[in-house]
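Here's the structure, in structure tokens; my notes come after.
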Amino acid sequence: MPDNVVAWDSDKSNGVFVPVARTLVAGAFASVIDTNVADIADIVPGSAKAQGATNLAADAGSRAGGVPLAFPNLFVNGGHEQWQRGTGAFTGSGSYAADSWQLAITGTDTLSVSRDSANADIGSKYCSACTFGLGSGAGLTEYRQLFNAATDFTQLMGQRVTITFRVKCAVAGAVRASLMVDGVVLSNSAFHTGSGLYETLTVTGLIAASGVTYVSARVLFAAACTAYVDDVMGVIGSVPSVYVPMHPADDIARDQRYYELLAEAQSGSLVLGDAGAPATAGGQFGRVCLVYKVKKAVSPTVTVVGGWSNVNCGTPFVGNFDTLAVRLATSVVGAGAFSTVNNGSASTITVEANP
Amino acid sequence: MIRPIAVNSDGSVVIVFDELGHTGTVTPASISFSVPDGTPDYRTLVLTCPDGCGSASYHPITGDGLCRALIQEAFVRQVRLKGCPCGVATIGRPFAVVIAHIRSHVQANRGNWEANQVIA
């Protein structure tokens, strides 16, 4: 809560927050309070996003003189800035492209997603470039982020959520935003107009208070096009919020709750060796414990990507693992020194706890 | 991740390897439980890339990490073919028995059972 606000009276069913009492503060924030609605929109980061500014103005008006706030984003990697799996192209249904953003392809449709900087939204470094080919999908192919038990989504139960996607596309009627709960569409936005510019696609809906398995926030593709998706913002309440970027350190840490590389591929930084105590016979094991940078949301799947350089031992294998650490092991061939190193072109270890 | 996209009735698993783009089918003989300390661990199934690249994914019995229902089904079919390393469910037990057995393991490991409709 801002320092100048003593209390908020909030009605989460319609997202209106009303300051019950407040005191003026010095400096820039005071100027916000004293500025009219149009000016408020102008000083918010990303103000060139006209639709966002319009929403903010409406928001501010609805608060009967309250102060528009930037709310915490419900999304992981809403800015599409983090691409731990590489830059693409990613084409398989079920695969992930930008961190936490998944392709779900229907029928004979095709969807290829790559990291793109040339078409990123204002203030953004990267976006997702989505090249879509229509087959038999009938408008159901999607690029989505899931909220479920793995994302502690119970905090959304009984809440109204509002989600905005920034989308650029030159084909009318090809792309729209959608909110789905347990396979049932809760809300679809209007289609992008095909202006060739970034537009804000907004969806809102009330999540049931119980019995929900998952929520999917997604972009749907209905006609062949290339669309650029960027700066996705999700908030509690019925009023959209402009996208506010996270600090990169916080952004990547949030991503790593669901996907983590234990080392860069081919870095040679993962080494399992005898450490000065050579094996006395074949069949012995070398072991090491690797602790994740971030605790995983659920028990993960651990993948040893091959191509390791092995001396007197085998490619490492996974012993035990949990949400915090993995035990890596290698089987020694014969007596003497041994080592295995991730020197190969793709060799690394990935830890995935996707929703 | 070496990610299942289908589990066949013979216990083989059709996969796609996201990191390297490999695809193929892992035969039942190539699927194993992990062996962390010389003893197979009933909680982890190892899918090795059929491309021969030397990569392997270690999937928890909960199926968490992605493809929850498919991983749980792969566990069921492996246990039916080879028995459960825990020693309780032996080779060839009826599907209903094996499903109940794996489901109990999943729930004991704080997972959500999702494979019923896939196997039925």
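Ordering of the structure tokens sets the chain letters (A, B, ...); residue numbers start at 1 within each chain; ligands are numbered from 1 in the order shown.
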Interface residues on chain A facing chain B, 7 Å, only C-alpha atoms, written as a PyMOL selection string: chain A and resi 95+298-307+318-320+352-355
DSSP-assigned alpha helix (DSSP H) members of region 231-277 of chain A, reported as a PyMOL selection string: chain A and resi 248-255
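Restricting the calculation to only C-alpha atoms, the smallest distance between Ser32 (chain B) and any of B:Val14, B:Ala74, B:Val106, B:Ala115 is found for B:Ala74.
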Nearest candidate to Leu272 (chain A) (options A:Ser345, A:Ser112, A:Thr340, A:Thr350; using only C-alpha atoms): A:Thr340
Picked from chain B by DSSP as strand (DSSP E), as a PyMOL selection string: chain B and resi 2-7+13-17+22-26+32-34+41-48+56-60
Grab the residues selected above and save them as a PDB file, in the first residue's frame with C-alpha atoms.
```pdb
ATOM      1  CA  ILE B   2      12.277 -36.198 -23.577  1.00  0.00           C
ATOM      2  CA  ARG B   3       8.540 -35.734 -23.581  1.00  0.00           C
ATOM      3  CA  PRO B   4       5.946 -38.438 -24.229  1.00  0.00           C
ATOM      4  CA  ILE B   5       3.293 -37.584 -26.769  1.00  0.00           C
ATOM      5  CA  ALA B   6       1.659 -41.029 -26.744  1.00  0.00           C
ATOM      6  CA  VAL B   7       1.848 -44.277 -24.796  1.00  0.00           C
ATOM      7  CA  VAL B  13       6.325 -44.509 -25.625  1.00  0.00           C
ATOM      8  CA  VAL B  14       6.304 -42.080 -28.542  1.00  0.00           C
ATOM      9  CA  ILE B  15       8.491 -39.119 -27.635  1.00  0.00           C
ATOM     10  CA  VAL B  16       9.792 -35.784 -28.775  1.00  0.00           C
ATOM     11  CA  PHE B  17      13.041 -34.477 -27.364  1.00  0.00           C
ATOM     12  CA  HIS B  22      14.698 -35.704 -31.891  1.00  0.00           C
ATOM     13  CA  THR B  23      11.599 -37.851 -32.239  1.00  0.00           C
ATOM     14  CA  GLY B  24      10.868 -41.556 -32.125  1.00  0.00           C
ATOM     15  CA  THR B  25       9.508 -44.421 -30.091  1.00  0.00           C
ATOM     16  CA  VAL B  26      11.133 -45.776 -26.953  1.00  0.00           C
ATOM     17  CA  SER B  32      13.699 -48.432 -17.083  1.00  0.00           C
ATOM     18  CA  PHE B  33      13.333 -47.336 -13.531  1.00  0.00           C
ATOM     19  CA  SER B  34      16.235 -45.255 -12.296  1.00  0.00           C
ATOM     20  CA  ASP B  41      13.666 -46.767  -7.664  1.00  0.00           C
ATOM     21  CA  TYR B  42       9.927 -47.188  -8.285  1.00  0.00           C
ATOM     22  CA  ARG B  43       9.473 -43.408  -8.173  1.00  0.00           C
ATOM     23  CA  THR B  44      11.438 -42.520 -11.308  1.00  0.00           C
ATOM     24  CA  LEU B  45      11.076 -43.705 -14.900  1.00  0.00           C
ATOM     25  CA  VAL B  46      13.896 -43.112 -17.346  1.00  0.00           C
ATOM     26  CA  LEU B  47      13.120 -42.299 -20.961  1.00  0.00           C
ATOM     27  CA  THR B  48      16.225 -42.514 -23.132  1.00  0.00           C
ATOM     28  CA  ALA B  56      17.804 -39.245 -20.858  1.00  0.00           C
ATOM     29  CA  SER B  57      14.913 -37.699 -18.933  1.00  0.00           C
ATOM     30  CA  TYR B  58      14.102 -38.793 -15.403  1.00  0.00           C
ATOM     31  CA  HIS B  59      10.365 -38.534 -14.871  1.00  0.00           C
ATOM     32  CA  PRO B  60       8.859 -38.554 -11.369  1.00  0.00           C
TER      33      PRO B  60
END
```
Separation of CA of Val239 (chain A) from CA of Ile252 (chain A), in Å and rounded to one decimal: 27.0 Å
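The interatomic distance for the pair CA of Leu290 (chain A) and CA of Pro248 (chain A) works out to 23.8 Å.
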Separation of CA of Val181 (chain A) from CA of Ile207 (chain A) in Å: 7.6 Å
Residue contacts of region 99-105 of chain B (8 Å, only C-alpha atoms) excluding same-chain residues fewer than 2 positions away, as a list in words: Arg43, Ile61, Gln72, Phe75, Val76, Ala89, Phe95, Ala96, Val97, Gln107, Ala108, Asn109, Trp113 and Asn116 of chain B
Contacts of Arg254 (chain A) within 12 Å, only C-alpha atoms, excl. fewer than 6 positions in-chain, as JSON, numbers by chain: {"A": [73, 74, 75, 76, 77, 78, 82, 99, 100, 151, 246, 247, 248, 260, 293, 294, 295, 296, 297]}
